[in-house]
>>> print(open('data_26.txt').read())   # compact mmCIF, C-alpha atoms and all ligand atoms
# COMPACT_ATOMS: atom_id res chain seq x y z
CA VAL B 1 -8.65 -3.76 9.10
CA ARG B 2 -11.33 -1.13 9.77
CA LYS B 3 -13.46 -0.55 6.70
CA PRO B 4 -12.02 2.57 4.99
CA PRO B 5 -14.30 5.20 3.45
CA GLY B 6 -15.56 4.17 0.04
CA TRP B 7 -16.09 0.61 1.24
CA GLN B 8 -19.58 0.74 -0.36
CA LEU B 9 -17.88 0.71 -3.79
CA SER B 10 -16.54 -2.72 -3.09
CA GLY B 11 -20.13 -3.95 -2.94
CA ASN B 12 -19.98 -4.21 -6.73
CA TRP B 13 -17.83 -7.27 -6.30
CA GLY B 14 -20.40 -8.71 -3.96
CA GLU B 15 -17.81 -10.10 -1.60
CA LYS B 16 -18.58 -9.42 2.05
CA ARG B 17 -15.75 -10.29 4.39
CA LYS B 18 -16.58 -13.66 5.91
CA GLY B 19 -14.64 -12.87 9.05
CA TYR B 20 -11.39 -14.75 9.44
CA HIS B 21 -10.49 -17.18 6.70
CA ALA B 22 -10.72 -20.83 7.72
CA ILE B 23 -7.00 -21.38 7.39
CA THR B 24 -6.67 -24.81 5.84
CA ARG B 25 -3.42 -26.74 5.99
CA SER B 26 -2.74 -26.03 2.31
CA SER B 27 -3.25 -22.28 2.61
CA GLU B 28 -1.05 -22.26 5.72
CA LEU B 29 1.67 -24.06 3.77
CA PHE B 30 1.18 -21.62 0.94
CA PHE B 31 1.63 -18.63 3.20
CA ARG B 32 4.63 -20.14 4.91
CA SER B 33 6.21 -20.51 1.48
CA VAL B 34 5.30 -16.90 0.61
CA CYS B 35 6.90 -15.71 3.82
CA LEU B 36 9.96 -17.88 3.35
CA PHE B 37 10.18 -16.35 -0.12
CA LEU B 38 9.97 -12.89 1.43
CA LEU B 39 12.55 -13.78 4.06
CA LEU B 40 14.81 -15.07 1.31
CA CYS B 41 14.28 -11.87 -0.61
CA THR B 42 16.08 -10.03 2.12
CA ARG B 43 18.90 -12.60 2.50
CA PRO B 44 22.04 -11.67 0.63
CA CYS B 45 22.11 -14.28 -2.11
CA ASN B 46 25.66 -15.41 -1.32
CA LEU B 47 24.76 -16.69 2.13
CA PRO B 48 23.77 -20.31 2.93
CA LEU B 49 20.06 -21.08 3.33
CA ASN B 50 20.46 -21.72 7.07
CA TYR B 51 21.88 -18.24 7.51
CA VAL B 52 20.77 -16.86 10.85
CA CYS B 53 20.15 -13.20 10.45
CA THR B 54 22.32 -11.21 12.83
CA THR B 55 21.83 -7.72 11.44
CA GLN B 56 19.24 -5.39 12.92
CA HIS B 57 17.10 -5.71 9.77
CA CYS B 58 15.75 -9.25 10.28
CA PHE B 59 12.05 -10.07 10.02
CA ASP B 60 10.42 -11.99 12.88
CA HIS B 61 9.07 -15.02 10.99
CA GLU B 62 5.74 -15.27 12.86
CA LYS B 63 5.03 -11.55 12.38
CA LEU B 64 5.92 -11.89 8.70
CA VAL B 65 3.41 -14.76 8.30
CA ARG B 66 0.72 -12.77 10.14
CA PHE B 67 1.48 -9.62 8.14
CA THR B 68 1.39 -11.49 4.81
CA LEU B 69 -1.90 -13.22 5.69
CA SER B 70 -3.48 -9.84 6.51
CA VAL B 71 -2.10 -8.25 3.36
CA ARG B 72 -3.64 -11.07 1.29
CA LYS B 73 -6.97 -10.70 3.14
CA ASN B 74 -7.07 -7.04 2.16
CA TYR B 75 -6.95 -7.69 -1.55
CA HIS B 76 -10.37 -7.97 -3.19
CA LYS B 77 -11.39 -10.81 -5.50
CA VAL B 78 -11.44 -8.46 -8.49
CA PRO B 79 -10.34 -9.85 -11.87
CA TYR B 80 -6.87 -8.26 -12.05
CA HIS B 81 -5.90 -6.09 -9.07
CA ASN B 82 -5.92 -9.00 -6.62
CA TRP B 83 -3.40 -10.87 -4.45
CA TRP B 84 -1.93 -12.78 -7.38
CA HIS B 85 -1.05 -9.53 -9.14
CA ALA B 86 0.61 -8.26 -5.95
CA PHE B 87 2.50 -11.53 -5.53
CA ASN B 88 3.66 -11.52 -9.18
CA VAL B 89 4.87 -7.92 -8.82
CA ALA B 90 6.83 -8.87 -5.68
CA HIS B 91 8.30 -11.92 -7.41
CA CYS B 92 9.45 -9.74 -10.31
CA MET B 93 11.15 -7.35 -7.85
CA TYR B 94 12.80 -10.29 -6.10
CA ARG B 95 14.26 -11.54 -9.41
CA MET B 96 15.32 -7.98 -10.30
CA LEU B 97 17.10 -7.52 -6.94
CA ASP B 98 18.63 -11.00 -7.00
CA HIS B 99 21.23 -9.73 -9.44
CA GLU B 100 21.72 -6.37 -7.77
CA GLN B 101 22.05 -7.24 -4.08
CA GLU B 102 25.08 -5.03 -3.61
CA ILE B 103 23.81 -1.72 -4.99
CA PHE B 104 20.78 -1.46 -2.70
CA THR B 105 20.88 -1.59 1.10
CA GLU B 106 19.12 -4.41 2.94
CA LEU B 107 16.55 -1.90 4.19
CA GLU B 108 15.83 -0.70 0.64
CA ARG B 109 15.50 -4.31 -0.56
CA GLN B 110 13.04 -5.14 2.23
CA ALA B 111 11.07 -1.96 1.56
CA LEU B 112 10.94 -2.68 -2.19
CA ILE B 113 9.57 -6.22 -1.67
CA ILE B 114 7.06 -5.18 1.00
CA ALA B 115 5.98 -2.20 -1.15
CA CYS B 116 5.34 -4.61 -4.03
CA ILE B 117 3.05 -6.98 -2.11
CA CYS B 118 1.22 -3.95 -0.62
CA HIS B 119 1.18 -1.65 -3.67
CA ASP B 120 -2.47 -2.30 -4.67
CA LEU B 121 -3.95 -3.04 -1.20
CA ASP B 122 -7.76 -2.77 -1.06
CA HIS B 123 -8.01 -2.01 -4.81
CA ARG B 124 -11.65 -2.12 -5.86
CA GLY B 125 -11.04 -2.54 -9.59
CA TYR B 126 -11.53 1.16 -10.38
CA THR B 127 -9.01 3.69 -11.70
CA ASN B 128 -8.04 6.96 -10.00
CA GLN B 129 -9.90 8.83 -12.74
CA PHE B 130 -13.10 6.93 -11.91
CA MET B 131 -12.69 7.50 -8.14
CA VAL B 132 -12.30 11.27 -8.71
CA LYS B 133 -15.03 11.57 -11.38
CA TYR B 134 -17.65 9.92 -9.15
CA GLU B 135 -16.47 11.79 -6.06
CA THR B 136 -15.88 8.68 -3.96
CA ALA B 137 -15.01 9.00 -0.27
CA LEU B 138 -11.37 8.07 -1.01
CA ALA B 139 -11.12 10.82 -3.63
CA SER B 140 -12.21 13.30 -0.94
CA LEU B 141 -9.24 12.19 1.19
CA TYR B 142 -6.46 12.51 -1.37
CA SER B 143 -6.07 15.11 -4.14
CA THR B 144 -3.51 13.14 -6.18
CA SER B 145 -2.65 9.44 -6.61
CA VAL B 146 -5.89 8.62 -4.79
CA MET B 147 -5.61 4.85 -4.80
CA GLU B 148 -1.82 4.74 -4.32
CA GLN B 149 -2.08 6.94 -1.21
CA HIS B 150 -4.85 4.63 0.03
CA HIS B 151 -2.70 1.55 -0.67
CA PHE B 152 0.07 3.04 1.49
CA ASN B 153 -2.42 4.00 4.22
CA GLN B 154 -3.71 0.42 4.27
CA THR B 155 -0.11 -0.82 4.60
CA VAL B 156 0.48 1.32 7.68
CA THR B 157 -2.89 0.27 9.14
CA ILE B 158 -1.94 -3.41 8.83
CA LEU B 159 1.52 -2.79 10.31
CA GLN B 160 -0.15 -1.13 13.31
CA GLN B 161 -2.27 -4.20 14.10
CA ASP B 162 -1.15 -6.32 17.09
CA GLY B 163 1.61 -8.74 16.15
CA HIS B 164 1.85 -7.41 12.58
CA ASN B 165 4.66 -4.88 12.78
CA ILE B 166 7.48 -6.59 10.93
CA PHE B 167 9.62 -3.46 11.36
CA ASP B 168 9.14 -2.95 15.13
CA HIS B 169 12.69 -4.14 15.84
CA LEU B 170 14.04 -1.01 14.13
CA THR B 171 14.99 2.20 15.89
CA SER B 172 12.40 4.96 15.44
CA ASP B 173 14.62 6.81 12.95
CA VAL B 174 15.18 3.70 10.81
CA TYR B 175 11.45 2.84 11.12
CA LYS B 176 10.53 6.28 9.75
CA GLN B 177 13.10 5.77 6.98
CA VAL B 178 11.71 2.40 5.87
CA LEU B 179 8.12 3.69 5.88
CA GLY B 180 9.32 6.64 3.81
CA TYR B 181 10.84 4.22 1.32
CA ILE B 182 7.62 2.15 1.14
CA ARG B 183 5.49 5.28 0.63
CA HIS B 184 7.75 6.49 -2.18
CA TYR B 185 7.74 3.08 -3.86
CA ILE B 186 3.94 2.62 -3.68
CA LEU B 187 3.22 6.17 -4.93
CA ALA B 188 5.61 5.51 -7.82
CA THR B 189 3.18 2.88 -9.17
CA ASP B 190 0.72 5.65 -10.12
CA LEU B 191 1.04 5.50 -13.89
CA ALA B 192 0.53 9.29 -13.96
CA GLN B 193 3.99 9.61 -12.31
CA PHE B 194 5.65 7.31 -14.83
CA PHE B 195 6.55 9.83 -17.51
CA SER B 196 8.36 12.27 -15.19
CA ASN B 197 10.20 9.46 -13.37
CA HIS B 198 11.21 7.77 -16.60
CA LYS B 199 12.24 11.04 -18.29
CA GLN B 200 14.61 11.88 -15.41
CA VAL B 201 16.35 8.50 -15.48
CA THR B 202 16.59 8.56 -19.28
CA ARG B 203 18.18 12.03 -19.09
CA PHE B 204 20.77 10.85 -16.54
CA CYS B 205 21.63 7.93 -18.80
CA ALA B 206 21.78 10.08 -21.97
CA ASP B 207 24.19 12.61 -20.49
CA GLN B 208 26.02 9.84 -18.61
CA THR B 209 25.54 11.57 -15.28
CA PHE B 210 23.58 8.71 -13.69
CA ASN B 211 25.04 8.15 -10.22
CA ILE B 212 23.57 5.39 -8.04
CA GLU B 213 25.12 7.10 -4.99
CA ASN B 214 23.05 10.23 -5.70
CA THR B 215 19.86 9.98 -3.58
CA TYR B 216 17.72 11.70 -6.22
CA HIS B 217 18.99 9.44 -9.01
CA ARG B 218 18.53 6.38 -6.75
CA ASN B 219 14.94 7.33 -5.91
CA LYS B 220 14.01 7.82 -9.56
CA LEU B 221 15.58 4.49 -10.52
CA GLN B 222 13.68 2.70 -7.74
CA ALA B 223 10.47 4.42 -8.91
CA ILE B 224 10.77 3.05 -12.44
CA MET B 225 11.77 -0.36 -11.02
CA MET B 226 8.40 -0.37 -9.23
CA SER B 227 6.64 0.49 -12.52
CA ALA B 228 8.65 -2.22 -14.29
CA CYS B 229 7.42 -4.83 -11.81
CA ASP B 230 3.84 -3.51 -11.85
CA LEU B 231 3.76 -3.79 -15.66
CA SER B 232 5.88 -6.95 -15.88
CA ALA B 233 2.96 -8.93 -17.35
CA CYS B 234 3.64 -7.08 -20.61
CA ALA B 235 7.03 -8.83 -20.77
CA LYS B 236 5.71 -12.35 -20.13
CA THR B 237 5.42 -15.00 -22.86
CA TRP B 238 2.62 -14.39 -25.35
CA PRO B 239 0.07 -16.88 -23.89
CA VAL B 240 0.54 -15.33 -20.42
CA GLN B 241 0.47 -11.77 -21.79
CA LYS B 242 -2.74 -12.48 -23.74
CA LYS B 243 -4.50 -14.12 -20.75
CA THR B 244 -3.43 -11.26 -18.45
CA VAL B 245 -4.74 -8.67 -20.89
CA GLU B 246 -8.07 -10.53 -21.09
CA ILE B 247 -8.26 -10.29 -17.30
CA ILE B 248 -7.34 -6.62 -16.96
CA TYR B 249 -9.82 -5.69 -19.67
CA GLU B 250 -12.49 -7.67 -17.81
CA GLU B 251 -11.86 -5.24 -14.97
CA PHE B 252 -11.78 -2.21 -17.29
CA TYR B 253 -15.06 -3.21 -18.98
CA ALA B 254 -16.76 -3.80 -15.59
CA GLN B 255 -15.78 -0.21 -14.69
CA GLY B 256 -17.15 0.98 -18.04
CA ASP B 257 -20.43 -0.89 -17.44
CA LEU B 258 -20.78 0.77 -14.02
CA GLU B 259 -20.02 4.15 -15.54
CA LYS B 260 -22.76 3.68 -18.16
CA LYS B 261 -25.15 2.62 -15.37
CA LYS B 262 -24.36 5.93 -13.65
CA GLY B 263 -25.22 7.78 -16.86
CA GLY B 264 -21.57 8.50 -17.68
CA VAL B 265 -19.53 7.88 -20.84
CA PRO B 266 -16.52 5.61 -20.16
CA LEU B 267 -13.12 6.07 -21.82
CA PRO B 268 -13.05 4.08 -25.09
CA MET B 269 -10.57 1.64 -23.48
CA MET B 270 -13.09 0.94 -20.70
CA ASP B 271 -16.03 0.45 -23.09
CA ARG B 272 -16.66 -3.15 -24.07
CA ASP B 273 -18.39 -1.85 -27.25
CA ASN B 274 -14.84 -0.93 -28.39
CA ALA B 275 -13.36 -4.38 -27.69
CA HIS B 276 -12.33 -4.61 -31.37
CA ASN B 277 -9.79 -1.83 -30.67
CA LEU B 278 -8.07 -3.81 -27.88
CA PRO B 279 -5.06 -4.99 -29.97
CA LYS B 280 -4.37 -1.43 -31.16
CA GLU B 281 -4.74 -0.10 -27.61
CA GLN B 282 -2.24 -2.72 -26.47
CA VAL B 283 0.26 -1.75 -29.17
CA ASN B 284 -0.04 1.86 -27.98
CA PHE B 285 0.24 0.99 -24.28
CA LEU B 286 3.26 -1.26 -24.72
CA ARG B 287 4.99 1.25 -27.06
CA ILE B 288 4.26 4.27 -24.85
CA PHE B 289 4.98 2.72 -21.43
CA CYS B 290 6.57 -0.72 -21.46
CA GLU B 291 9.10 -0.56 -24.31
CA PRO B 292 10.75 2.73 -23.18
CA LEU B 293 10.66 1.56 -19.55
CA TYR B 294 12.44 -1.76 -20.14
CA GLY B 295 14.74 -0.07 -22.67
CA THR B 296 16.01 2.34 -20.00
CA LEU B 297 16.28 -0.40 -17.36
CA ALA B 298 18.24 -2.61 -19.77
CA VAL B 299 20.81 0.21 -20.13
CA ILE B 300 21.32 0.32 -16.34
CA PHE B 301 20.79 -3.41 -15.66
CA PRO B 302 21.81 -5.37 -18.80
CA HIS B 303 20.52 -8.64 -17.26
CA LEU B 304 16.98 -7.19 -17.62
CA SER B 305 17.20 -7.00 -21.42
CA PRO B 306 14.95 -10.10 -21.83
CA LEU B 307 12.08 -7.96 -20.45
CA LEU B 308 12.64 -5.54 -23.34
CA GLU B 309 12.92 -8.33 -25.93
CA ASN B 310 9.74 -10.06 -24.72
CA THR B 311 7.85 -6.75 -24.73
CA LYS B 312 8.93 -6.12 -28.33
CA ASP B 313 7.73 -9.64 -29.27
CA ASN B 314 4.37 -8.94 -27.66
CA ILE B 315 4.05 -5.58 -29.46
CA HIS B 316 4.67 -7.41 -32.74
CA LYS B 317 1.97 -9.97 -31.95
CA TRP B 318 -0.59 -7.34 -30.88
CA ASP B 319 0.24 -5.42 -34.07
CA ASN B 320 -0.40 -8.57 -36.16
CA LEU B 321 -3.78 -8.95 -34.43
CA ALA B 322 -4.54 -5.23 -34.93
CA HIS B 323 -3.94 -5.63 -38.67
CA GLY B 324 -5.76 -8.97 -38.98
CA ARG B 325 -2.52 -10.83 -39.69
CA PRO B 326 -2.27 -14.39 -38.35
CA THR B 327 -0.33 -14.91 -35.15
CA THR B 328 2.44 -17.54 -34.96
CA MET B 329 1.14 -21.11 -35.30
CA TRP B 330 2.59 -22.28 -31.98
CA GLU B 331 0.55 -19.80 -30.01
CA VAL B 332 -1.92 -21.56 -27.79
CA GLU B 333 -5.42 -20.20 -28.38
CA THR B 334 -5.99 -18.89 -24.88
CA SER B 335 -9.23 -19.56 -23.11
CA ARG B 336 -10.61 -17.47 -20.28
CA ILE B 337 -8.37 -18.10 -17.33
CA GLU B 338 -10.11 -19.87 -14.43
CA LYS B 339 -10.78 -17.37 -11.67
CA ASP B 340 -8.98 -18.43 -8.52
C1 LIG F 401 0.74 -4.69 -17.77
C2 LIG F 401 -0.57 -5.23 -18.22
C3 LIG F 401 -1.44 -5.77 -17.15
C4 LIG F 401 -0.30 -6.52 -18.97
O1 LIG F 401 0.51 -6.33 -20.01
N1 LIG F 401 -1.29 -4.19 -18.99
C5 LIG F 401 -1.58 -4.23 -20.31
O2 LIG F 401 -1.26 -5.13 -21.07
N2 LIG F 401 -2.27 -3.11 -20.68
C6 LIG F 401 -2.40 -2.36 -19.56
C7 LIG F 401 -3.02 -1.09 -19.40
C8 LIG F 401 -3.64 -0.38 -20.48
C9 LIG F 401 -4.18 0.84 -20.21
C10 LIG F 401 -4.13 1.38 -18.92
N3 LIG F 401 -3.54 0.70 -17.88
C11 LIG F 401 -2.98 -0.51 -18.12
N4 LIG F 401 -2.36 -1.19 -17.08
C12 LIG F 401 -2.33 -0.61 -15.79
C13 LIG F 401 -3.46 -0.65 -14.96
C14 LIG F 401 -3.41 -0.08 -13.70
C15 LIG F 401 -2.23 0.51 -13.22
C16 LIG F 401 -1.10 0.53 -14.04
C17 LIG F 401 -1.15 -0.03 -15.31
C18 LIG F 401 -1.76 -2.42 -17.23
O3 LIG F 401 -1.20 -2.97 -16.26
C19 LIG F 401 -1.80 -3.01 -18.50
MG MG F 402 -1.88 0.30 -8.61
ZN ZN F 403 -0.40 -3.00 -9.60
>>> encode(input="data_26.txt", output="structure tokens")
Amino acid sequence: VRKPPGWQLSGNWGEKRKGYHAITRSSELFFRSVCLFLLLCTRPCNLPLNYVCTTQHCFDHEKLVRFTLSVRKNYHKVPYHNWWHAFNVAHCMYRMLDHEQEIFTELERQALIIACICHDLDHRGYTNQFMVKYETALASLYSTSVMEQHHFNQTVTILQQDGHNIFDHLTSDVYKQVLGYIRHYILATDLAQFFSNHKQVTRFCADQTFNIENTYHRNKLQAIMMSACDLSACAKTWPVQKKTVEIIYEEFYAQGDLEKKKGGVPLPMMDRDNAHNLPKEQVNFLRIFCEPLYGTLAVIFPHLSPLLENTKDNIHKWDNLAHGRPTTMWEVETSRIEKD
């Protein structure tokens, strides 16, 4: 992919592209399994595995492998916003859709999964606020949702590469429609959009006017589903939640260090000198974003209620840590996760 403006920022992670990856047998097997997983994501769950896709919405397997390889190549080796995060978000969406095959069209399901693996493409480990504050080249391109608009732009750029367009079997109208879906879904992962999206869906539920056939209602539901998958690490078991938080704060503190180097004052959450406040910050984040989000989704999709329960458990554990209370004996003392 051509180097987008702002590439110089990625220098902080040192990594220079070493040209094409030497594709070893194991990584090839890995990517074939990822693509099979993605192909399966779009197969109605009640069909046999050897189902030969006859509808117009089938992915060409070779293009899907090539597309997925290029998507992975365009994630940086930053602590949190890397390929594994994208893959985990897509897996969460797959499990969410696995129960709801009938309410979304096949095109929407494909767009949701592809949007998930692409939703943080070319993330450099910096927030939108940082990109705007330091007047990066990307911030000069987009006035709002700077990184999310860039993530979508990167998606289109990869699709336009030879042999990568997994949607080129669609008519031009349907192609425009699916790209519109993907853009909407990726932009929805801007946390700044969360409150308005969530408020709308909560209102529809409260006054019992929620109607999945209503395009506006449907779009808002899909927007908070994207947020739910993006934040799904807050609903994982405590050892996984704690390791993930260590990793994301590694990225936050690296941004804070860079900000101090530039003579700026980072947000308290980004300042490693405030690391003692992390448990309290987590209680706030999970209470403000995650708990209401999974609470609303559990009303619409009752099978998602474990996400709400796990989030509540994690809030309780962060609150114990924030107040110096011991955490449950069985918890594994987590060590720094090995970087992949
Ligand atoms: C969801 C996750 C990674 C794990 O629980 N998490 C957390 O615990 N605190 C936070 C968190 C705390 C403050 C700000 N953003 C956060 N994000 C975040 C970052 C970028 C884009 C959207 C959300 C998390 O994913 C997260
Ligand atoms: Mg993002
Ligand atoms: Zn993300």
>>> closest_residue(input="data_26.txt", among="B:Gln110, B:Val174, B:Ala228, B:Asp98", to="ligand ZN 403 (chain F)", atoms="only C-alpha atoms and all ligand atoms")
B:Ala228
>>> residues_near_ligand(input="data_26.txt", ligand="ligand ZN 403 (chain F)", cutoff="10 Å", atoms="only C-alpha atoms and all ligand atoms", output="list in words")
Tyr80, His81, Asn82, Trp83, His85, Ala86, Phe87, Asn88, Val89, Cys116, Ile117, Cys118, His119, Asp120, Leu121, His123, Glu148, Ile186, Thr189, Asp190, Leu191, Met226, Ser227, Cys229, Asp230, Leu231 and Ser232 of chain B
>>> closest_residue(input="data_26.txt", among="B:Phe130, B:Met93, B:Asp319, B:His76", to="Gly264 of chain B", atoms="only C-alpha atoms")
B:Phe130
>>> residues_near_ligand(input="data_26.txt", ligand="ligand LIG 401 (chain F)", cutoff="6 Å", atoms="only C-alpha atoms and all ligand atoms", output="compact mmCIF listing (two decimals) with C-alpha atoms, keeping the file's coordinate frame")
# COMPACT_ATOMS: atom_id res chain seq x y z
CA LEU B 191 1.04 5.50 -13.89
CA LEU B 231 3.76 -3.79 -15.66
CA SER B 232 5.88 -6.95 -15.88
CA ALA B 233 2.96 -8.93 -17.35
CA CYS B 234 3.64 -7.08 -20.61
CA GLN B 241 0.47 -11.77 -21.79
CA THR B 244 -3.43 -11.26 -18.45
CA VAL B 245 -4.74 -8.67 -20.89
CA ILE B 248 -7.34 -6.62 -16.96
CA GLN B 282 -2.24 -2.72 -26.47
CA PHE B 285 0.24 0.99 -24.28
>>> closest_residue(input="data_26.txt", among="B:Leu304, B:Met131, B:Leu297, B:Ala111", to="Val201 of chain B", atoms="only C-alpha atoms")
B:Leu297
>>> closest_residue(input="data_26.txt", among="B:Val283, B:Leu179, B:Ile315, B:Leu258", to="Thr157 of chain B", atoms="all atoms listed in the file")
B:Leu179
>>> atom_distance(input="data_26.txt", atom1="atom CA of Cys58 of chain B", atom2="atom CA of Ser70 of chain B")
19.6 Å
>>> closest_residue(input="data_26.txt", among="B:Gln177, B:Ser143, B:Asn284, B:Thr127", to="ligand MG 402 (chain F)", atoms="all atoms listed in the file")
B:Thr127
>>> atom_distance(input="data_26.txt", atom1="atom CA of Leu112 of chain B", atom2="atom CA of Ile182 of chain B")
6.7 Å
>>> closest_residue(input="data_26.txt", among="B:Asp122, B:Glu62, B:Asp207, B:Glu108", to="ligand MG 402 (chain F)", atoms="all atoms listed in the file")
B:Asp122
>>> atom_distance(input="data_26.txt", atom1="atom CA of Ser305 of chain B", atom2="atom CA of His99 of chain B")
12.9 Å
>>> residues_around(input="data_26.txt", residues="Asp257 of chain B", least_positions_apart="3", cutoff="8 Å", atoms="only C-alpha atoms", output="MDAnalysis selection string")
chainID B and resid 253:254 260:261 271:272
>>> residues_around(input="data_26.txt", residues="Glu291 of chain B", least_positions_apart="3", cutoff="8 Å", atoms="all atoms listed in the file", output="ChimeraX atom specification")
/B:286-288,294-295,308,311-312
>>> residues_around(input="data_26.txt", residues="Asn277 of chain B", least_positions_apart="2", cutoff="12 Å", atoms="all atoms listed in the file", output="PDB file with C-alpha atoms, in the coordinates of the input")
ATOM      1  CA  TYR B 249      -9.820  -5.690 -19.670  1.00  0.00           C
ATOM      2  CA  PRO B 268     -13.050   4.080 -25.090  1.00  0.00           C
ATOM      3  CA  MET B 269     -10.570   1.640 -23.480  1.00  0.00           C
ATOM      4  CA  MET B 270     -13.090   0.940 -20.700  1.00  0.00           C
ATOM      5  CA  ASP B 271     -16.030   0.450 -23.090  1.00  0.00           C
ATOM      6  CA  ARG B 272     -16.660  -3.150 -24.070  1.00  0.00           C
ATOM      7  CA  ASP B 273     -18.390  -1.850 -27.250  1.00  0.00           C
ATOM      8  CA  ASN B 274     -14.840  -0.930 -28.390  1.00  0.00           C
ATOM      9  CA  ALA B 275     -13.360  -4.380 -27.690  1.00  0.00           C
ATOM     10  CA  PRO B 279      -5.060  -4.990 -29.970  1.00  0.00           C
ATOM     11  CA  LYS B 280      -4.370  -1.430 -31.160  1.00  0.00           C
ATOM     12  CA  GLU B 281      -4.740  -0.100 -27.610  1.00  0.00           C
ATOM     13  CA  GLN B 282      -2.240  -2.720 -26.470  1.00  0.00           C
ATOM     14  CA  VAL B 283       0.260  -1.750 -29.170  1.00  0.00           C
ATOM     15  CA  ASN B 284      -0.040   1.860 -27.980  1.00  0.00           C
ATOM     16  CA  TRP B 318      -0.590  -7.340 -30.880  1.00  0.00           C
ATOM     17  CA  ASP B 319       0.240  -5.420 -34.070  1.00  0.00           C
ATOM     18  CA  LEU B 321      -3.780  -8.950 -34.430  1.00  0.00           C
ATOM     19  CA  ALA B 322      -4.540  -5.230 -34.930  1.00  0.00           C
ATOM     20  CA  HIS B 323      -3.940  -5.630 -38.670  1.00  0.00           C
ATOM     21  CA  GLY B 324      -5.760  -8.970 -38.980  1.00  0.00           C
TER      22      GLY B 324
END
>>> residues_around(input="data_26.txt", residues="Asp162 of chain B", least_positions_apart="5", cutoff="10 Å", atoms="only C-alpha atoms", output="JSON, numbers by chain")
{"B": [63, 66, 67]}
>>> build_atoms(input="data_26.txt", residues="segment 67-79 of chain B", atoms="N, CA and C atoms", output="compact mmCIF listing (two decimals), in the coordinates of the input")
# COMPACT_ATOMS: atom_id res chain seq x y z
N PHE B 67 1.58 -10.81 9.01
CA PHE B 67 1.48 -9.62 8.14
C PHE B 67 1.05 -10.02 6.73
N THR B 68 1.69 -11.07 6.19
CA THR B 68 1.39 -11.49 4.81
C THR B 68 -0.04 -12.00 4.69
N LEU B 69 -0.51 -12.74 5.69
CA LEU B 69 -1.90 -13.22 5.69
C LEU B 69 -2.86 -12.04 5.65
N SER B 70 -2.59 -11.01 6.47
CA SER B 70 -3.48 -9.84 6.51
C SER B 70 -3.41 -9.04 5.22
N VAL B 71 -2.21 -8.95 4.65
CA VAL B 71 -2.10 -8.25 3.36
C VAL B 71 -2.97 -8.97 2.33
N ARG B 72 -2.85 -10.31 2.28
CA ARG B 72 -3.64 -11.07 1.29
C ARG B 72 -5.13 -10.86 1.53
N LYS B 73 -5.54 -10.85 2.80
CA LYS B 73 -6.97 -10.70 3.14
C LYS B 73 -7.50 -9.35 2.68
N ASN B 74 -6.62 -8.38 2.54
CA ASN B 74 -7.07 -7.04 2.16
C ASN B 74 -6.96 -6.75 0.67
N TYR B 75 -6.77 -7.82 -0.10
CA TYR B 75 -6.95 -7.69 -1.55
C TYR B 75 -8.33 -8.24 -1.90
N HIS B 76 -9.03 -7.54 -2.80
CA HIS B 76 -10.37 -7.97 -3.19
C HIS B 76 -10.26 -9.05 -4.27
N LYS B 77 -11.36 -9.81 -4.42
CA LYS B 77 -11.39 -10.81 -5.50
C LYS B 77 -11.89 -10.15 -6.78
N VAL B 78 -11.13 -9.11 -7.20
CA VAL B 78 -11.44 -8.46 -8.49
C VAL B 78 -10.65 -9.20 -9.57
N PRO B 79 -11.00 -9.04 -10.83
CA PRO B 79 -10.34 -9.85 -11.87
C PRO B 79 -8.84 -9.69 -11.92
